[in-house]
file upload16.cif (mmCIF, C-alpha atoms)
data_start
#
loop_
_atom_site.group_PDB
_atom_site.id
_atom_site.type_symbol
_atom_site.label_atom_id
_atom_site.label_comp_id
_atom_site.auth_asym_id
_atom_site.auth_seq_id
_atom_site.Cartn_x
_atom_site.Cartn_y
_atom_site.Cartn_z
ATOM 1 C CA MET A 1 0.000 0.000 0.000
ATOM 2 C CA GLY A 2 1.319 3.420 -0.878
ATOM 3 C CA THR A 3 1.693 6.008 1.831
ATOM 4 C CA VAL A 4 0.140 9.407 1.404
ATOM 5 C CA SER A 5 1.932 12.271 3.096
ATOM 6 C CA GLU A 6 -0.897 14.680 2.334
ATOM 7 C CA LEU A 7 -3.485 12.962 4.527
ATOM 8 C CA ARG A 8 -5.526 15.452 6.468
ATOM 9 C CA PRO A 9 -8.609 15.161 8.635
ATOM 10 C CA GLY A 10 -11.770 15.190 6.558
ATOM 11 C CA ALA A 11 -10.028 14.246 3.320
ATOM 12 C CA GLY A 12 -12.376 12.308 1.059
ATOM 13 C CA PRO A 13 -11.431 9.317 -1.079
ATOM 14 C CA LEU A 14 -10.844 11.437 -4.178
ATOM 15 C CA ASP A 15 -8.618 13.798 -2.187
ATOM 16 C CA LEU A 16 -6.577 10.787 -1.091
ATOM 17 C CA ALA A 17 -6.413 9.431 -4.643
ATOM 18 C CA PHE A 18 -5.154 12.782 -5.958
ATOM 19 C CA ALA A 19 -2.582 13.021 -3.162
ATOM 20 C CA ALA A 20 -1.362 9.539 -4.105
ATOM 21 C CA ALA A 21 -1.232 10.524 -7.800
ATOM 22 C CA ARG A 22 0.936 13.525 -6.924
ATOM 23 C CA GLN A 23 3.254 11.224 -4.960
ATOM 24 C CA ALA A 24 3.534 8.976 -8.007
ATOM 25 C CA ALA A 25 4.575 11.951 -10.144
ATOM 26 C CA GLU A 26 7.172 13.004 -7.560
ATOM 27 C CA ALA A 27 8.585 9.475 -7.724
ATOM 28 C CA GLY A 28 8.766 9.587 -11.535
ATOM 29 C CA GLU A 29 5.771 7.291 -11.998
ATOM 30 C CA VAL A 30 2.714 8.076 -14.123
ATOM 31 C CA PRO A 31 0.485 10.093 -11.764
ATOM 32 C CA VAL A 32 -2.402 7.787 -10.967
ATOM 33 C CA GLY A 33 -3.755 7.216 -7.476
ATOM 34 C CA ALA A 34 -6.378 4.796 -6.178
ATOM 35 C CA VAL A 35 -8.317 4.336 -2.943
ATOM 36 C CA VAL A 36 -10.509 1.444 -1.772
ATOM 37 C CA VAL A 37 -13.296 2.307 0.676
ATOM 38 C CA ARG A 38 -15.819 0.139 2.497
ATOM 39 C CA GLU A 39 -18.603 1.553 4.652
ATOM 40 C CA GLY A 40 -16.801 4.893 4.862
ATOM 41 C CA ALA A 41 -13.500 3.373 5.999
ATOM 42 C CA VAL A 42 -10.398 3.689 3.821
ATOM 43 C CA LEU A 43 -8.916 0.220 3.372
ATOM 44 C CA ALA A 44 -6.100 1.063 0.971
ATOM 45 C CA VAL A 45 -4.395 3.975 -0.770
ATOM 46 C CA ALA A 46 -1.896 3.351 -3.562
ATOM 47 C CA HIS A 47 -0.245 4.970 -6.534
ATOM 48 C CA ASN A 48 1.382 3.681 -9.696
ATOM 49 C CA ARG A 49 4.691 1.924 -8.993
ATOM 50 C CA PRO A 50 5.648 -0.157 -12.060
ATOM 51 C CA ARG A 51 9.078 1.450 -12.358
ATOM 52 C CA ALA A 52 9.911 1.275 -8.654
ATOM 53 C CA LEU A 53 8.778 -2.327 -8.310
ATOM 54 C CA ARG A 54 9.935 -3.367 -11.791
ATOM 55 C CA ASP A 55 6.482 -4.826 -12.231
ATOM 56 C CA PRO A 56 4.238 -3.916 -15.181
ATOM 57 C CA THR A 57 1.175 -4.903 -13.130
ATOM 58 C CA ALA A 58 1.938 -2.425 -10.314
ATOM 59 C CA HIS A 59 -0.790 -0.004 -11.323
ATOM 60 C CA ALA A 60 -2.460 2.025 -8.575
ATOM 61 C CA GLU A 61 -5.698 0.044 -8.840
ATOM 62 C CA ILE A 62 -3.973 -3.344 -8.616
ATOM 63 C CA LEU A 63 -1.878 -2.285 -5.612
ATOM 64 C CA ALA A 64 -4.914 -0.814 -3.840
ATOM 65 C CA ILE A 65 -6.972 -3.958 -4.524
ATOM 66 C CA ARG A 66 -4.169 -6.186 -3.214
ATOM 67 C CA ALA A 67 -3.787 -4.113 -0.050
ATOM 68 C CA ALA A 68 -7.552 -3.988 0.574
ATOM 69 C CA CYS A 69 -7.841 -7.758 0.099
ATOM 70 C CA ALA A 70 -5.000 -8.266 2.574
ATOM 71 C CA ALA A 71 -6.662 -5.890 5.060
ATOM 72 C CA LEU A 72 -9.948 -7.795 4.823
ATOM 73 C CA GLY A 73 -8.391 -11.246 4.549
ATOM 74 C CA ASP A 74 -10.499 -12.001 1.493
ATOM 75 C CA GLU A 75 -9.999 -12.143 -2.282
ATOM 76 C CA ARG A 76 -13.347 -10.394 -2.797
ATOM 77 C CA LEU A 77 -14.017 -6.753 -2.092
ATOM 78 C CA THR A 78 -17.786 -7.047 -1.966
ATOM 79 C CA GLY A 79 -19.346 -3.807 -0.783
ATOM 80 C CA CYS A 80 -16.177 -1.827 -1.554
ATOM 81 C CA ASP A 81 -15.823 1.204 -3.777
ATOM 82 C CA LEU A 82 -12.735 2.150 -5.785
ATOM 83 C CA TYR A 83 -11.770 5.751 -6.461
ATOM 84 C CA VAL A 84 -9.086 6.314 -9.101
ATOM 85 C CA THR A 85 -7.810 9.420 -10.853
ATOM 86 C CA LEU A 86 -7.760 7.889 -14.356
ATOM 87 C CA GLU A 87 -10.051 5.514 -16.215
ATOM 88 C CA PRO A 88 -8.698 2.014 -15.512
ATOM 89 C CA CYS A 89 -6.871 0.123 -18.238
ATOM 90 C CA PRO A 90 -8.175 -3.286 -19.407
ATOM 91 C CA MET A 91 -5.921 -5.156 -16.936
ATOM 92 C CA CYS A 92 -7.170 -3.106 -14.009
ATOM 93 C CA ALA A 93 -10.782 -3.357 -15.180
ATOM 94 C CA GLY A 94 -10.404 -7.148 -15.152
ATOM 95 C CA ALA A 95 -9.022 -7.041 -11.605
ATOM 96 C CA ILE A 96 -11.871 -4.764 -10.523
ATOM 97 C CA SER A 97 -14.356 -7.282 -11.883
ATOM 98 C CA PHE A 98 -12.645 -10.280 -10.256
ATOM 99 C CA ALA A 99 -12.455 -8.421 -6.925
ATOM 100 C CA ARG A 100 -16.203 -7.747 -7.114
ATOM 101 C CA ILE A 101 -15.802 -4.002 -6.518
ATOM 102 C CA ARG A 102 -19.256 -2.491 -5.993
ATOM 103 C CA ARG A 103 -18.676 0.969 -7.498
ATOM 104 C CA LEU A 104 -15.907 2.534 -9.554
ATOM 105 C CA TYR A 105 -15.397 6.300 -9.497
ATOM 106 C CA PHE A 106 -12.742 7.761 -11.784
ATOM 107 C CA GLY A 107 -11.410 11.153 -12.821
ATOM 108 C CA ALA A 108 -10.083 11.581 -16.351
ATOM 109 C CA ALA A 109 -11.198 9.426 -19.245
ATOM 110 C CA ASP A 110 -8.422 7.586 -21.096
ATOM 111 C CA PRO A 111 -9.374 7.296 -24.780
ATOM 112 C CA LYS A 112 -5.970 5.785 -25.626
ATOM 113 C CA GLY A 113 -5.498 3.209 -22.853
ATOM 114 C CA GLY A 114 -8.772 2.957 -20.968
ATOM 115 C CA GLY A 115 -10.686 -0.272 -20.681
ATOM 116 C CA VAL A 116 -13.969 0.891 -19.146
ATOM 117 C CA GLU A 117 -15.519 3.572 -21.355
ATOM 118 C CA HIS A 118 -12.908 3.199 -24.097
ATOM 119 C CA GLY A 119 -11.034 0.371 -25.783
ATOM 120 C CA PRO A 120 -12.402 -3.075 -24.935
ATOM 121 C CA ARG A 121 -15.049 -1.806 -22.474
ATOM 122 C CA VAL A 122 -14.369 -4.783 -20.229
ATOM 123 C CA PHE A 123 -17.527 -4.484 -18.138
ATOM 124 C CA ASP A 124 -19.733 -4.569 -21.248
ATOM 125 C CA GLN A 125 -18.390 -7.921 -22.459
ATOM 126 C CA PRO A 126 -20.556 -11.056 -22.105
ATOM 127 C CA THR A 127 -17.562 -12.822 -20.521
ATOM 128 C CA CYS A 128 -17.428 -10.282 -17.672
ATOM 129 C CA HIS A 129 -18.899 -11.988 -14.612
ATOM 130 C CA HIS A 130 -19.208 -8.861 -12.472
ATOM 131 C CA ALA A 131 -19.566 -5.245 -13.555
ATOM 132 C CA PRO A 132 -19.423 -2.487 -10.952
ATOM 133 C CA GLU A 133 -21.499 0.634 -11.114
ATOM 134 C CA VAL A 134 -19.286 3.114 -12.988
ATOM 135 C CA TYR A 135 -19.138 6.865 -12.468
ATOM 136 C CA GLY A 136 -16.590 8.853 -14.466
ATOM 137 C CA GLY A 137 -15.524 12.458 -14.837
ATOM 138 C CA PHE A 138 -14.846 13.321 -11.188
ATOM 139 C CA ARG A 139 -12.360 16.218 -11.036
ATOM 140 C CA GLU A 140 -11.581 15.357 -14.645
ATOM 141 C CA ARG A 141 -9.775 18.610 -15.451
ATOM 142 C CA GLU A 142 -7.520 18.261 -12.417
ATOM 143 C CA ALA A 143 -6.701 14.641 -13.282
ATOM 144 C CA ALA A 144 -5.985 15.489 -16.908
ATOM 145 C CA GLN A 145 -3.764 18.404 -15.860
ATOM 146 C CA LEU A 146 -1.718 16.137 -13.579
ATOM 147 C CA LEU A 147 -1.059 13.861 -16.534
ATOM 148 C CA ARG A 148 -0.213 16.762 -18.887
ATOM 149 C CA ASP A 149 2.156 18.262 -16.326
ATOM 150 C CA PHE A 150 3.886 14.895 -16.008
ATOM 151 C CA PHE A 151 4.166 13.994 -19.693
ATOM 152 C CA THR A 152 4.819 17.379 -21.357
ATOM 153 C CA PRO A 153 8.442 17.764 -20.187
ATOM 154 C CA ARG A 154 9.153 14.115 -20.976
ATOM 155 C CA ARG A 155 7.839 14.343 -24.529
ATOM 156 C CA GLY A 156 8.967 17.841 -25.366
#
call {"tool": "encode", "arguments": {"input": "upload16.cif", "output": "structure tokens"}}
result
Amino acid sequence: MGTVSELRPGAGPLDLAFAAARQAAEAGEVPVGAVVVREGAVLAVAHNRPRALRDPTAHAEILAIRAACAALGDERLTGCDLYVTLEPCPMCAGAISFARIRRLYFGAADPKGGGVEHGPRVFDQPTCHHAPEVYGGFREREAAQLLRDFFTPRRG
């Protein structure tokens, strides 16, 4: 589970996800943060760490799901909600389905790499056994700006 130095009393799940995304950027990782919540309690906060862990599956969502499962002692996250700053990729969407996440809230859409509203639309496939309720566009401009601020100097 990633640590979030910007935790403050009253911070909501999206605040925590954005704080984690900023930590990812500071660490040289793509700025994506994720938070798993159940019944108002934060179970896990994580950010992207593929470079640090040398693991292509170390996306924020995967790390948050793993930590929440460990916290609950269960491979299912029934009744849990996931908040993430970017539309999950197909790999993460598959993990969300397998974990039985109840609701997915995300910030910026990802037309190029997303797997929920774009690309393969994992939850719409007949082979998908569980589809969470999906709510996108939360603080979308802020999430998109984080990504632009990260990638612009690297591509320019």
call {"tool": "closest_atom_pairs", "arguments": {"input": "upload16.cif", "of": "region 78-135 of chain A", "to": "region 54-59 of chain A", "cutoff": "12 Å", "atoms": "only C-alpha atoms", "output": "Markdown table"}}
result
| residue | atom | partner | partner_atom | distance |
| --- | --- | --- | --- | --- |
| A:Val84 | CA | A:His59 | CA | 10.7 |
| A:Thr85 | CA | A:His59 | CA | 11.8 |
| A:Leu86 | CA | A:His59 | CA | 11.0 |
| A:Glu87 | CA | A:His59 | CA | 11.8 |
| A:Pro88 | CA | A:His59 | CA | 9.2 |
| A:Cys89 | CA | A:His59 | CA | 9.2 |
| A:Pro90 | CA | A:Thr57 | CA | 11.4 |
| A:Met91 | CA | A:Thr57 | CA | 8.1 |
| A:Cys92 | CA | A:His59 | CA | 7.6 |
| A:Ala93 | CA | A:His59 | CA | 11.2 |
| A:Gly94 | CA | A:Thr57 | CA | 12.0 |
| A:Ala95 | CA | A:Thr57 | CA | 10.5 |
call {"tool": "residues_near_point", "arguments": {"input": "upload16.cif", "point": "(-16.0, -4.1, 1.1)", "cutoff": "10 Å", "atoms": "all atoms listed in the file", "output": "VMD selection string"}}
result
chain A and resid 36 to 43 68 to 69 72 74 76 to 82 99 to 102
call {"tool": "resolve_selection", "arguments": {"input": "upload16.cif", "expression": "the PyMOL selection byres ((chain A and resi 147) around 12)", "output": "PyMOL selection string"}}
result
chain A and resi 18+21-22+24-25+28-33+85-86+107-110+140-146+148-155
call {"tool": "atom_distance", "arguments": {"input": "upload16.cif", "atom1": "CA of Pro120 (chain A)", "atom2": "CA of Ala34 (chain A)"}}
result
21.2 Å
call {"tool": "atom_distance", "arguments": {"input": "upload16.cif", "atom1": "CA of Pro111 (chain A)", "atom2": "CA of Ala46 (chain A)"}}
result
22.8 Å
call {"tool": "closest_residue", "arguments": {"input": "upload16.cif", "among": "A:Ile62, A:Val45, A:Ala71, A:Val134", "to": "Tyr105 (chain A)", "atoms": "only C-alpha atoms"}}
result
A:Val134
call {"tool": "axis_aligned_box", "arguments": {"input": "upload16.cif", "around": "region 95-98 of chain A", "padding_each_side": "4 Å", "output": "JSON"}}
result
{"center_x": -11.7, "center_y": -7.5, "center_z": -11.1, "size_x": 13.3, "size_y": 13.5, "size_z": 9.6}
call {"tool": "resolve_selection", "arguments": {"input": "upload16.cif", "expression": "the PyMOL selection byres ((chain A and resi 135) around 8)", "output": "list in words"}}
result
Arg103, Leu104, Tyr105, Phe106, Glu133, Val134, Gly136, Gly137 and Phe138 of chain A
call {"tool": "residues_around", "arguments": {"input": "upload16.cif", "residues": "Phe123 (chain A)", "least_positions_apart": "2", "cutoff": "10 Å", "atoms": "only C-alpha atoms", "output": "JSON, numbers by chain"}}
result
{"A": [90, 93, 94, 96, 97, 115, 116, 117, 120, 121, 125, 126, 127, 128, 129, 130, 131, 132, 133, 134]}
call {"tool": "atom_distance", "arguments": {"input": "upload16.cif", "atom1": "CA of Leu14 (chain A)", "atom2": "CA of Val35 (chain A)"}}
result
7.6 Å
call {"tool": "closest_residue", "arguments": {"input": "upload16.cif", "among": "A:Ala70, A:Ala27, A:Asp124, A:Leu16", "to": "Pro50 (chain A)", "atoms": "all atoms listed in the file"}}
result
A:Ala27
call {"tool": "closest_residue", "arguments": {"input": "upload16.cif", "among": "A:Val122, A:Ile65, A:Ala52, A:Ala44", "to": "Ala20 (chain A)", "atoms": "all atoms listed in the file"}}
result
A:Ala44
call {"tool": "closest_residue", "arguments": {"input": "upload16.cif", "among": "A:Leu53, A:Ala60, A:Gly113, A:Phe98", "to": "Glu75 (chain A)", "atoms": "all atoms listed in the file"}}
result
A:Phe98
